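S.K.: Dropping in work.pdb, which is PDB, C-alpha atoms:
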ATOM      1  CA  MET A   1     -13.242  24.352   5.497  1.00  0.00           C
ATOM      2  CA  LYS A   2     -13.859  24.535   1.758  1.00  0.00           C
ATOM      3  CA  GLY A   3     -14.127  21.309  -0.206  1.00  0.00           C
ATOM      4  CA  LEU A   4     -16.205  18.230  -0.991  1.00  0.00           C
ATOM      5  CA  PHE A   5     -17.188  15.093   0.902  1.00  0.00           C
ATOM      6  CA  ILE A   6     -16.831  12.008  -1.296  1.00  0.00           C
ATOM      7  CA  THR A   7     -18.913   8.966  -0.426  1.00  0.00           C
ATOM      8  CA  GLY A   8     -20.142   5.836  -2.164  1.00  0.00           C
ATOM      9  CA  THR A   9     -23.017   3.404  -2.339  1.00  0.00           C
ATOM     10  CA  ASP A  10     -20.748   0.656  -0.984  1.00  0.00           C
ATOM     11  CA  THR A  11     -17.180  -0.237  -0.112  1.00  0.00           C
ATOM     12  CA  GLY A  12     -14.850  -0.821  -3.054  1.00  0.00           C
ATOM     13  CA  VAL A  13     -16.957   1.331  -5.361  1.00  0.00           C
ATOM     14  CA  GLY A  14     -14.006   3.455  -6.479  1.00  0.00           C
ATOM     15  CA  LYS A  15     -14.015   6.451  -4.124  1.00  0.00           C
ATOM     16  CA  THR A  16     -10.225   6.622  -3.797  1.00  0.00           C
ATOM     17  CA  HIS A  17      -9.651   6.262  -7.538  1.00  0.00           C
ATOM     18  CA  PHE A  18     -12.098   9.081  -8.212  1.00  0.00           C
ATOM     19  CA  THR A  19     -10.648  11.265  -5.442  1.00  0.00           C
ATOM     20  CA  ALA A  20      -7.156  10.828  -6.886  1.00  0.00           C
ATOM     21  CA  CYS A  21      -8.393  11.667 -10.403  1.00  0.00           C
ATOM     22  CA  LEU A  22     -10.223  14.752  -9.150  1.00  0.00           C
ATOM     23  CA  THR A  23      -7.166  15.855  -7.170  1.00  0.00           C
ATOM     24  CA  ARG A  24      -4.957  15.702 -10.265  1.00  0.00           C
ATOM     25  CA  SER A  25      -7.547  17.485 -12.416  1.00  0.00           C
ATOM     26  CA  LEU A  26      -7.998  20.325  -9.928  1.00  0.00           C
ATOM     27  CA  ARG A  27      -4.253  20.747  -9.477  1.00  0.00           C
ATOM     28  CA  LEU A  28      -3.746  20.869 -13.249  1.00  0.00           C
ATOM     29  CA  ASN A  29      -6.188  23.791 -13.163  1.00  0.00           C
ATOM     30  CA  ALA A  30      -4.138  25.604 -10.487  1.00  0.00           C
ATOM     31  CA  ILE A  31      -6.505  24.597  -7.665  1.00  0.00           C
ATOM     32  CA  PRO A  32      -4.315  23.154  -4.836  1.00  0.00           C
ATOM     33  CA  ALA A  33      -6.690  20.379  -3.796  1.00  0.00           C
ATOM     34  CA  ILE A  34      -5.734  18.307  -0.747  1.00  0.00           C
ATOM     35  CA  PRO A  35      -7.234  14.796  -0.613  1.00  0.00           C
ATOM     36  CA  LEU A  36      -7.900  13.292   2.796  1.00  0.00           C
ATOM     37  CA  LYS A  37      -8.981   9.838   3.895  1.00  0.00           C
ATOM     38  CA  PRO A  38      -9.083  10.610   7.624  1.00  0.00           C
ATOM     39  CA  ILE A  39     -10.454   7.162   8.610  1.00  0.00           C
ATOM     40  CA  SER A  40      -9.319   3.824   7.199  1.00  0.00           C
ATOM     41  CA  SER A  41      -9.450   0.130   8.069  1.00  0.00           C
ATOM     42  CA  GLY A  42      -7.106  -2.579   6.844  1.00  0.00           C
ATOM     43  CA  ASP A  43      -4.699  -1.722   4.041  1.00  0.00           C
ATOM     44  CA  ARG A  44      -3.373   1.870   4.062  1.00  0.00           C
ATOM     45  CA  GLY A  45      -2.559   1.850   0.361  1.00  0.00           C
ATOM     46  CA  ASP A  46      -5.299   4.396  -0.397  1.00  0.00           C
ATOM     47  CA  SER A  47      -3.482   7.130   1.511  1.00  0.00           C
ATOM     48  CA  ILE A  48      -0.337   6.465  -0.544  1.00  0.00           C
ATOM     49  CA  LEU A  49      -2.316   6.737  -3.798  1.00  0.00           C
ATOM     50  CA  LEU A  50      -3.819  10.032  -2.659  1.00  0.00           C
ATOM     51  CA  SER A  51      -0.436  11.401  -1.621  1.00  0.00           C
ATOM     52  CA  ASP A  52       0.955  10.472  -5.032  1.00  0.00           C
ATOM     53  CA  ALA A  53      -1.930  12.364  -6.671  1.00  0.00           C
ATOM     54  CA  THR A  54      -0.618  15.563  -5.047  1.00  0.00           C
ATOM     55  CA  GLY A  55       2.945  14.890  -6.117  1.00  0.00           C
ATOM     56  CA  GLY A  56       3.861  14.347  -2.488  1.00  0.00           C
ATOM     57  CA  ALA A  57       2.515  17.712  -1.326  1.00  0.00           C
ATOM     58  CA  ILE A  58       0.904  15.962   1.657  1.00  0.00           C
ATOM     59  CA  SER A  59       2.112  12.782   3.363  1.00  0.00           C
ATOM     60  CA  PRO A  60       0.111   9.539   3.710  1.00  0.00           C
ATOM     61  CA  SER A  61       0.140   9.907   7.516  1.00  0.00           C
ATOM     62  CA  GLU A  62      -1.447  13.363   7.255  1.00  0.00           C
ATOM     63  CA  ILE A  63      -4.010  12.053   4.797  1.00  0.00           C
ATOM     64  CA  ASN A  64      -4.978   9.182   7.113  1.00  0.00           C
ATOM     65  CA  PRO A  65      -4.634  10.024  10.829  1.00  0.00           C
ATOM     66  CA  VAL A  66      -7.091   7.384  12.129  1.00  0.00           C
ATOM     67  CA  HIS A  67      -6.421   3.779  11.165  1.00  0.00           C
ATOM     68  CA  PHE A  68      -7.689   0.367  12.271  1.00  0.00           C
ATOM     69  CA  ALA A  69      -5.751  -2.747  11.310  1.00  0.00           C
ATOM     70  CA  THR A  70      -8.886  -4.890  10.873  1.00  0.00           C
ATOM     71  CA  PRO A  71     -10.523  -4.515   7.408  1.00  0.00           C
ATOM     72  CA  LEU A  72     -14.038  -3.900   8.726  1.00  0.00           C
ATOM     73  CA  SER A  73     -16.237  -0.908   9.425  1.00  0.00           C
ATOM     74  CA  PRO A  74     -14.609   1.452  11.957  1.00  0.00           C
ATOM     75  CA  TYR A  75     -17.169   0.418  14.581  1.00  0.00           C
ATOM     76  CA  ALA A  76     -16.626  -3.325  14.086  1.00  0.00           C
ATOM     77  CA  ALA A  77     -12.848  -2.859  13.961  1.00  0.00           C
ATOM     78  CA  SER A  78     -12.858  -0.781  17.138  1.00  0.00           C
ATOM     79  CA  ILE A  79     -14.763  -3.525  18.961  1.00  0.00           C
ATOM     80  CA  LEU A  80     -12.341  -6.251  17.821  1.00  0.00           C
ATOM     81  CA  GLU A  81      -9.304  -4.105  18.609  1.00  0.00           C
ATOM     82  CA  SER A  82     -10.740  -3.006  21.984  1.00  0.00           C
ATOM     83  CA  LYS A  83     -10.280   0.702  21.440  1.00  0.00           C
ATOM     84  CA  PRO A  84     -12.954   3.392  21.201  1.00  0.00           C
ATOM     85  CA  PHE A  85     -13.119   5.557  18.115  1.00  0.00           C
ATOM     86  CA  PRO A  86     -10.839   8.607  18.627  1.00  0.00           C
ATOM     87  CA  TRP A  87     -13.193  11.444  17.742  1.00  0.00           C
ATOM     88  CA  GLY A  88     -11.015  13.976  19.550  1.00  0.00           C
ATOM     89  CA  LEU A  89      -7.928  12.999  17.542  1.00  0.00           C
ATOM     90  CA  LEU A  90      -9.869  13.040  14.266  1.00  0.00           C
ATOM     91  CA  ARG A  91     -11.222  16.548  14.841  1.00  0.00           C
ATOM     92  CA  GLU A  92      -7.856  17.822  16.039  1.00  0.00           C
ATOM     93  CA  LYS A  93      -6.023  16.495  12.970  1.00  0.00           C
ATOM     94  CA  ILE A  94      -8.583  17.888  10.520  1.00  0.00           C
ATOM     95  CA  ALA A  95      -8.461  21.296  12.222  1.00  0.00           C
ATOM     96  CA  LYS A  96      -4.660  21.300  12.015  1.00  0.00           C
ATOM     97  CA  LEU A  97      -4.747  20.398   8.314  1.00  0.00           C
ATOM     98  CA  ALA A  98      -7.195  23.235   7.667  1.00  0.00           C
ATOM     99  CA  GLN A  99      -4.680  25.620   9.254  1.00  0.00           C
ATOM    100  CA  THR A 100      -1.691  24.142   7.388  1.00  0.00           C
ATOM    101  CA  TYR A 101      -3.049  23.933   3.837  1.00  0.00           C
ATOM    102  CA  PRO A 102      -5.221  26.448   1.963  1.00  0.00           C
ATOM    103  CA  GLY A 103      -7.336  23.691   0.426  1.00  0.00           C
ATOM    104  CA  PRO A 104      -9.835  22.949  -0.965  1.00  0.00           C
ATOM    105  CA  PHE A 105     -10.097  19.582   0.767  1.00  0.00           C
ATOM    106  CA  LEU A 106     -11.485  16.413  -0.776  1.00  0.00           C
ATOM    107  CA  ILE A 107     -12.555  14.335   2.211  1.00  0.00           C
ATOM    108  CA  GLU A 108     -13.207  10.693   1.386  1.00  0.00           C
ATOM    109  CA  GLY A 109     -15.421   8.619   3.640  1.00  0.00           C
ATOM    110  CA  VAL A 110     -14.784   4.999   4.543  1.00  0.00           C
ATOM    111  CA  GLY A 111     -17.007   2.342   2.965  1.00  0.00           C
ATOM    112  CA  GLY A 112     -20.549   3.357   2.052  1.00  0.00           C
ATOM    113  CA  TRP A 113     -22.763   6.224   3.199  1.00  0.00           C
ATOM    114  CA  ARG A 114     -24.303   4.447   6.215  1.00  0.00           C
ATOM    115  CA  VAL A 115     -21.204   2.662   7.537  1.00  0.00           C
ATOM    116  CA  PRO A 116     -21.106   2.931  11.371  1.00  0.00           C
ATOM    117  CA  ILE A 117     -18.178   4.687  13.037  1.00  0.00           C
ATOM    118  CA  ASP A 118     -19.341   3.997  16.581  1.00  0.00           C
ATOM    119  CA  SER A 119     -22.577   2.909  18.246  1.00  0.00           C
ATOM    120  CA  THR A 120     -24.374   6.187  17.534  1.00  0.00           C
ATOM    121  CA  ASN A 121     -22.553   7.883  14.639  1.00  0.00           C
ATOM    122  CA  GLY A 122     -21.687   6.841  11.123  1.00  0.00           C
ATOM    123  CA  ILE A 123     -20.448   8.349   7.892  1.00  0.00           C
ATOM    124  CA  ARG A 124     -23.724  10.227   7.491  1.00  0.00           C
ATOM    125  CA  GLU A 125     -23.405  11.963  10.866  1.00  0.00           C
ATOM    126  CA  TRP A 126     -19.730  12.751  10.278  1.00  0.00           C
ATOM    127  CA  ALA A 127     -20.605  14.313   6.913  1.00  0.00           C
ATOM    128  CA  GLN A 128     -23.272  16.407   8.637  1.00  0.00           C
ATOM    129  CA  GLU A 129     -20.657  17.631  11.114  1.00  0.00           C
ATOM    130  CA  LEU A 130     -18.284  18.611   8.314  1.00  0.00           C
ATOM    131  CA  ALA A 131     -21.176  20.243   6.390  1.00  0.00           C
ATOM    132  CA  LEU A 132     -19.468  19.915   3.008  1.00  0.00           C
ATOM    133  CA  PRO A 133     -21.258  19.351  -0.315  1.00  0.00           C
ATOM    134  CA  VAL A 134     -21.402  15.644  -1.159  1.00  0.00           C
ATOM    135  CA  VAL A 135     -20.342  13.772  -4.292  1.00  0.00           C
ATOM    136  CA  LEU A 136     -21.605  10.186  -4.630  1.00  0.00           C
ATOM    137  CA  VAL A 137     -19.598   7.464  -6.416  1.00  0.00           C
ATOM    138  CA  VAL A 138     -21.643   4.560  -7.821  1.00  0.00           C
ATOM    139  CA  ARG A 139     -21.005   1.462  -9.950  1.00  0.00           C
ATOM    140  CA  ASN A 140     -22.326   1.304 -13.489  1.00  0.00           C
ATOM    141  CA  THR A 141     -23.788  -2.172 -13.123  1.00  0.00           C
ATOM    142  CA  LEU A 142     -27.114  -3.922 -12.737  1.00  0.00           C
ATOM    143  CA  GLY A 143     -28.528  -3.011  -9.305  1.00  0.00           C
ATOM    144  CA  THR A 144     -27.045   0.454  -9.138  1.00  0.00           C
ATOM    145  CA  LEU A 145     -30.436   2.141  -9.555  1.00  0.00           C
ATOM    146  CA  ASN A 146     -31.682   0.789  -6.229  1.00  0.00           C
ATOM    147  CA  HIS A 147     -28.430   1.371  -4.343  1.00  0.00           C
ATOM    148  CA  THR A 148     -28.017   4.873  -5.747  1.00  0.00           C
ATOM    149  CA  LEU A 149     -31.594   6.016  -5.157  1.00  0.00           C
ATOM    150  CA  LEU A 150     -31.552   4.791  -1.546  1.00  0.00           C
ATOM    151  CA  THR A 151     -28.280   6.616  -0.901  1.00  0.00           C
ATOM    152  CA  VAL A 152     -29.436   9.802  -2.621  1.00  0.00           C
ATOM    153  CA  ASP A 153     -32.583   9.786  -0.487  1.00  0.00           C
ATOM    154  CA  SER A 154     -30.538   9.425   2.711  1.00  0.00           C
ATOM    155  CA  ILE A 155     -28.112  12.218   1.771  1.00  0.00           C
ATOM    156  CA  ARG A 156     -30.982  14.577   1.010  1.00  0.00           C
ATOM    157  CA  GLN A 157     -32.778  13.628   4.229  1.00  0.00           C
ATOM    158  CA  ALA A 158     -29.581  14.608   6.071  1.00  0.00           C
ATOM    159  CA  ASN A 159     -30.050  18.129   4.629  1.00  0.00           C
ATOM    160  CA  LEU A 160     -26.728  18.050   2.806  1.00  0.00           C
ATOM    161  CA  SER A 161     -26.048  19.460  -0.642  1.00  0.00           C
ATOM    162  CA  LEU A 162     -25.544  16.681  -3.182  1.00  0.00           C
ATOM    163  CA  ARG A 163     -23.476  17.950  -6.120  1.00  0.00           C
ATOM    164  CA  GLY A 164     -23.769  14.963  -8.432  1.00  0.00           C
ATOM    165  CA  LEU A 165     -23.004  11.341  -9.230  1.00  0.00           C
ATOM    166  CA  ILE A 166     -19.812   9.689 -10.431  1.00  0.00           C
ATOM    167  CA  LEU A 167     -20.655   6.623 -12.496  1.00  0.00           C
ATOM    168  CA  ASN A 168     -17.638   4.319 -12.278  1.00  0.00           C
ATOM    169  CA  GLU A 169     -17.262   2.327 -15.506  1.00  0.00           C
ATOM    170  CA  HIS A 170     -14.631   0.013 -14.011  1.00  0.00           C
ATOM    171  CA  PHE A 171     -17.349  -2.503 -13.091  1.00  0.00           C
ATOM    172  CA  SER A 172     -19.204  -2.359 -16.423  1.00  0.00           C
ATOM    173  CA  ARG A 173     -19.571  -5.507 -18.541  1.00  0.00           C
ATOM    174  CA  ASN A 174     -20.287  -5.715 -22.245  1.00  0.00           C
ATOM    175  CA  ASP A 175     -23.049  -8.268 -21.629  1.00  0.00           C
ATOM    176  CA  ASP A 176     -24.846  -6.027 -19.100  1.00  0.00           C
ATOM    177  CA  PRO A 177     -27.517  -3.897 -20.849  1.00  0.00           C
ATOM    178  CA  SER A 178     -27.951  -1.755 -17.719  1.00  0.00           C
ATOM    179  CA  VAL A 179     -24.598  -0.128 -18.552  1.00  0.00           C
ATOM    180  CA  THR A 180     -26.280   1.792 -21.360  1.00  0.00           C
ATOM    181  CA  THR A 181     -29.551   2.592 -19.559  1.00  0.00           C
ATOM    182  CA  ASN A 182     -28.190   3.580 -16.123  1.00  0.00           C
ATOM    183  CA  PRO A 183     -26.838   7.058 -16.957  1.00  0.00           C
ATOM    184  CA  ALA A 184     -30.038   8.509 -18.414  1.00  0.00           C
ATOM    185  CA  LEU A 185     -32.279   6.825 -15.832  1.00  0.00           C
ATOM    186  CA  LEU A 186     -30.170   8.023 -12.896  1.00  0.00           C
ATOM    187  CA  GLN A 187     -30.201  11.562 -14.243  1.00  0.00           C
ATOM    188  CA  GLU A 188     -33.965  11.441 -14.749  1.00  0.00           C
ATOM    189  CA  LEU A 189     -34.722   9.874 -11.352  1.00  0.00           C
ATOM    190  CA  THR A 190     -32.354  12.029  -9.265  1.00  0.00           C
ATOM    191  CA  SER A 191     -32.236  15.292 -11.270  1.00  0.00           C
ATOM    192  CA  LEU A 192     -28.486  15.292 -10.621  1.00  0.00           C
ATOM    193  CA  PRO A 193     -25.588  15.800 -13.018  1.00  0.00           C
ATOM    194  CA  ILE A 194     -23.609  12.646 -13.799  1.00  0.00           C
ATOM    195  CA  LEU A 195     -19.984  12.173 -14.779  1.00  0.00           C
ATOM    196  CA  SER A 196     -18.899   8.814 -16.193  1.00  0.00           C
ATOM    197  CA  LEU A 197     -15.435   7.759 -14.991  1.00  0.00           C
ATOM    198  CA  PRO A 198     -13.697   5.558 -17.575  1.00  0.00           C
ATOM    199  CA  THR A 199     -11.437   2.700 -16.571  1.00  0.00           C
ATOM    200  CA  ARG A 200      -7.671   3.143 -16.250  1.00  0.00           C
ATOM    201  CA  VAL A 201      -7.552   6.949 -16.260  1.00  0.00           C
ATOM    202  CA  SER A 202      -5.394   9.125 -13.998  1.00  0.00           C
ATOM    203  CA  GLN A 203      -7.501  12.264 -14.256  1.00  0.00           C
ATOM    204  CA  LEU A 204     -11.071  13.150 -15.108  1.00  0.00           C
ATOM    205  CA  PRO A 205     -12.203  13.217 -18.753  1.00  0.00           C
ATOM    206  CA  SER A 206     -13.597  16.692 -17.997  1.00  0.00           C
ATOM    207  CA  LEU A 207     -13.872  19.002 -14.999  1.00  0.00           C
ATOM    208  CA  PRO A 208     -17.490  20.179 -14.754  1.00  0.00           C
ATOM    209  CA  PRO A 209     -18.248  23.238 -12.597  1.00  0.00           C
ATOM    210  CA  TRP A 210     -20.121  21.164 -10.007  1.00  0.00           C
ATOM    211  CA  LEU A 211     -16.885  19.335  -9.138  1.00  0.00           C
ATOM    212  CA  ILE A 212     -14.976  22.536  -8.454  1.00  0.00           C
ATOM    213  CA  PRO A 213     -15.162  23.252  -4.678  1.00  0.00           C
ATOM    214  CA  SER A 214     -16.529  26.695  -3.852  1.00  0.00           C
TER
END
Rewrite the coordinates I just gave you, this time as structure tokens.
M.R.:
Amino acid sequence: MKGLFITGTDTGVGKTHFTACLTRSLRLNAIPAIPLKPISSGDRGDSILLSDATGGAISPSEINPVHFATPLSPYAASILESKPFPWGLLREKIAKLAQTYPGPFLIEGVGGWRVPIDSTNGIREWAQELALPVVLVVRNTLGTLNHTLLTVDSIRQANLSLRGLILNEHFSRNDDPSVTTNPALLQELTSLPILSLPTRVSQLPSLPPWLIPS
């Protein structure tokens, strides 16, 4: 499977918004990207947003085959709902999608990088299984240096390729001086390329080569 694995430093950091923007940008460049959010908990609105980003080329149910009603980590939700995580179903659905669509696939994780899926596996282990290059979405706020560096370290320790960072400006405040210092410091400290994602955009301000799946 060709594509990217999109994760974040936390839940609500803007992974789905970025994935939708990247999907539209790739498709405008004649790259038939297929966004997937194979696991979700709580509201299923993200899968609708991702389907809309393809112009309806893929349905929300295909985008999100595994869903828990409780808005918690998959592991916590599975405990409360008394059902084990359906690894077999997840792998079967992803394999079928890979046969149905040419891709590339933009696979979005659920929550942050270390969110548990069951008692022994989490997003990190699932990403290792998929073996796709990783893109990390982070907030441009005070505190993002610590959260980002910890996550970058963990991704690299998992022996996965980390393409770059998406700095989500949605959370930025005019009275927060870290907004202006974060980009250069993150680039210096991680040696990774960074793309700033402005608020209220439907596609990326640019499409750098490192965001084109290969």
S.K.: Measuring between all atoms listed in the file, which one of A:Lys96, A:Arg24, A:His170, A:Arg200 shows the shortest distance to A:Gly12?
M.R.: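 Selected residue with least distance to A:Gly12: A:His170.
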S.K.: Just how far from atom CA of A:Thr9 is atom CA of A:Leu150, in Å to one decimal?
M.R.: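 Here the two named atoms are 8.7 Å from each other.
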S.K.: Expanded to explicit residues, what is the PyMOL selection byres ((chain A and resi 22) around 12) for this file, as a ChimeraX atom specification?
M.R.: /A:3-4,6,15-21,23-29,31-35,50,53-54,104-108,135,166,195,197,201-208,210-213
S.K.: Leaving out A:Pro133 and any residue of its chain fewer than 2 positions from it, which residues lie within 7 Å of it when counting all atoms listed in the file, given as number ranges by chain?
M.R.: A: 4-5, 131, 135, 160-163
S.K.: What does the file look like for those residues with C-alpha atoms, as a compact mmCIF listing (two decimals), in the frame of the given file?
M.R.:
# COMPACT_ATOMS: atom_id res chain seq x y z
CA LEU A 4 -16.20 18.23 -0.99
CA PHE A 5 -17.19 15.09 0.90
CA ALA A 131 -21.18 20.24 6.39
CA VAL A 135 -20.34 13.77 -4.29
CA LEU A 160 -26.73 18.05 2.81
CA SER A 161 -26.05 19.46 -0.64
CA LEU A 162 -25.54 16.68 -3.18
CA ARG A 163 -23.48 17.95 -6.12
S.K.: Evaluate the PyMOL selection byres ((chain A and resi 62) around 10) here and jot the selected residues down as number ranges by chain.
M.R.: A: 35-38, 47, 51, 58-61, 63-66, 93-94, 96-97
S.K.: With C-alpha atoms retained, write the just-selected residues as a PDB file, in the coordinates of the input.
M.R.:
ATOM      1  CA  PRO A  35      -7.234  14.796  -0.613  1.00  0.00           C
ATOM      2  CA  LEU A  36      -7.900  13.292   2.796  1.00  0.00           C
ATOM      3  CA  LYS A  37      -8.981   9.838   3.895  1.00  0.00           C
ATOM      4  CA  PRO A  38      -9.083  10.610   7.624  1.00  0.00           C
ATOM      5  CA  SER A  47      -3.482   7.130   1.511  1.00  0.00           C
ATOM      6  CA  SER A  51      -0.436  11.401  -1.621  1.00  0.00           C
ATOM      7  CA  ILE A  58       0.904  15.962   1.657  1.00  0.00           C
ATOM      8  CA  SER A  59       2.112  12.782   3.363  1.00  0.00           C
ATOM      9  CA  PRO A  60       0.111   9.539   3.710  1.00  0.00           C
ATOM     10  CA  SER A  61       0.140   9.907   7.516  1.00  0.00           C
ATOM     11  CA  ILE A  63      -4.010  12.053   4.797  1.00  0.00           C
ATOM     12  CA  ASN A  64      -4.978   9.182   7.113  1.00  0.00           C
ATOM     13  CA  PRO A  65      -4.634  10.024  10.829  1.00  0.00           C
ATOM     14  CA  VAL A  66      -7.091   7.384  12.129  1.00  0.00           C
ATOM     15  CA  LYS A  93      -6.023  16.495  12.970  1.00  0.00           C
ATOM     16  CA  ILE A  94      -8.583  17.888  10.520  1.00  0.00           C
ATOM     17  CA  LYS A  96      -4.660  21.300  12.015  1.00  0.00           C
ATOM     18  CA  LEU A  97      -4.747  20.398   8.314  1.00  0.00           C
TER      19      LEU A  97
END
S.K.: Residues at most 7 Å from A:Ser178, counting all atoms listed in the file, excluding those fewer than 2 positions away in the same chain, as a list in words?
M.R.: Thr141, Leu142, Asp176, Thr180, Thr181 and Asn182 of chain A
S.K.: Given all atoms listed in the file as the basis, pick out the residue of A:Leu167, A:Ile117, A:Leu49, A:Ile79 nearest to A:Ala184.
M.R.: A:Leu167
S.K.: Would you compute the distance between atom CA of A:Arg44 and atom CA of A:His67? Give it in Å to one decimal.
M.R.: 8.0 Å
S.K.: I would like the residues chosen by the PyMOL selection byres ((chain A and resi 169) around 7) on the shown file; could you give them as a PDB file with C-alpha atoms, in the coordinates of the input?
M.R.:
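File expr-v9.pdb, as written:
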ATOM      1  CA  ARG A 139     -21.005   1.462  -9.950  1.00  0.00           C
ATOM      2  CA  ASN A 140     -22.326   1.304 -13.489  1.00  0.00           C
ATOM      3  CA  LEU A 167     -20.655   6.623 -12.496  1.00  0.00           C
ATOM      4  CA  ASN A 168     -17.638   4.319 -12.278  1.00  0.00           C
ATOM      5  CA  HIS A 170     -14.631   0.013 -14.011  1.00  0.00           C
ATOM      6  CA  PHE A 171     -17.349  -2.503 -13.091  1.00  0.00           C
ATOM      7  CA  SER A 172     -19.204  -2.359 -16.423  1.00  0.00           C
ATOM      8  CA  SER A 196     -18.899   8.814 -16.193  1.00  0.00           C
ATOM      9  CA  LEU A 197     -15.435   7.759 -14.991  1.00  0.00           C
ATOM     10  CA  PRO A 198     -13.697   5.558 -17.575  1.00  0.00           C
ATOM     11  CA  THR A 199     -11.437   2.700 -16.571  1.00  0.00           C
TER      12      THR A 199
END
S.K.: I'd like the interatomic distance between atom CA of A:Pro71 and atom CA of A:Asp43, to a tenth of an Å.
M.R.: 7.3 Å
S.K.: Choose the residue, out of A:Pro177, A:Thr70, A:Leu149, A:Ala57, that has the smallest atom-to-atom separation from A:Tyr101; count all atoms listed in the file.
M.R.: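 The shortest atom-to-atom distance to A:Tyr101 comes from A:Ala57.
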S.K.: Within 12 Å of A:Phe68, counting all atoms listed in the file, which residues qualify if same-chain residues fewer than 5 places away don't, as number ranges by chain?
M.R.: A: 38-44, 73-86, 110, 117
S.K.: Generate a file of the selected residues that holds C-alpha atoms, formatted as a PDB file, keeping the file's coordinate frame.
M.R.:
ATOM      1  CA  PRO A  38      -9.083  10.610   7.624  1.00  0.00           C
ATOM      2  CA  ILE A  39     -10.454   7.162   8.610  1.00  0.00           C
ATOM      3  CA  SER A  40      -9.319   3.824   7.199  1.00  0.00           C
ATOM      4  CA  SER A  41      -9.450   0.130   8.069  1.00  0.00           C
ATOM      5  CA  GLY A  42      -7.106  -2.579   6.844  1.00  0.00           C
ATOM      6  CA  ASP A  43      -4.699  -1.722   4.041  1.00  0.00           C
ATOM      7  CA  ARG A  44      -3.373   1.870   4.062  1.00  0.00           C
ATOM      8  CA  SER A  73     -16.237  -0.908   9.425  1.00  0.00           C
ATOM      9  CA  PRO A  74     -14.609   1.452  11.957  1.00  0.00           C
ATOM     10  CA  TYR A  75     -17.169   0.418  14.581  1.00  0.00           C
ATOM     11  CA  ALA A  76     -16.626  -3.325  14.086  1.00  0.00           C
ATOM     12  CA  ALA A  77     -12.848  -2.859  13.961  1.00  0.00           C
ATOM     13  CA  SER A  78     -12.858  -0.781  17.138  1.00  0.00           C
ATOM     14  CA  ILE A  79     -14.763  -3.525  18.961  1.00  0.00           C
ATOM     15  CA  LEU A  80     -12.341  -6.251  17.821  1.00  0.00           C
ATOM     16  CA  GLU A  81      -9.304  -4.105  18.609  1.00  0.00           C
ATOM     17  CA  SER A  82     -10.740  -3.006  21.984  1.00  0.00           C
ATOM     18  CA  LYS A  83     -10.280   0.702  21.440  1.00  0.00           C
ATOM     19  CA  PRO A  84     -12.954   3.392  21.201  1.00  0.00           C
ATOM     20  CA  PHE A  85     -13.119   5.557  18.115  1.00  0.00           C
ATOM     21  CA  PRO A  86     -10.839   8.607  18.627  1.00  0.00           C
ATOM     22  CA  VAL A 110     -14.784   4.999   4.543  1.00  0.00           C
ATOM     23  CA  ILE A 117     -18.178   4.687  13.037  1.00  0.00           C
TER      24      ILE A 117
END
S.K.: Could you check the closest approach to A:Met1 for each of A:Gly103, A:Pro183, A:Gly164, A:Gly111 and tell me which residue wins, using all atoms listed in the file?
M.R.: A:Gly103
S.K.: Show which residues sit within 12 Å of A:Asn159, as a ChimeraX atom specification. Count all atoms listed in the file, and ignore same-chain residues fewer than 2 positions away.
M.R.: /A:124-125,127-129,131-134,152-157,161-162
S.K.: How big is the axis-aligned box around the listed atoms of stretch 190-208 of chain A once 4 Å is added on each side, and where is its centre? Give both in Å to one decimal, as lines of an AutoDock Vina configuration file.
M.R.:
center_x = -18.9
center_y = 11.4
center_z = -14.0
size_x = 35.0
size_y = 25.5
size_z = 17.5
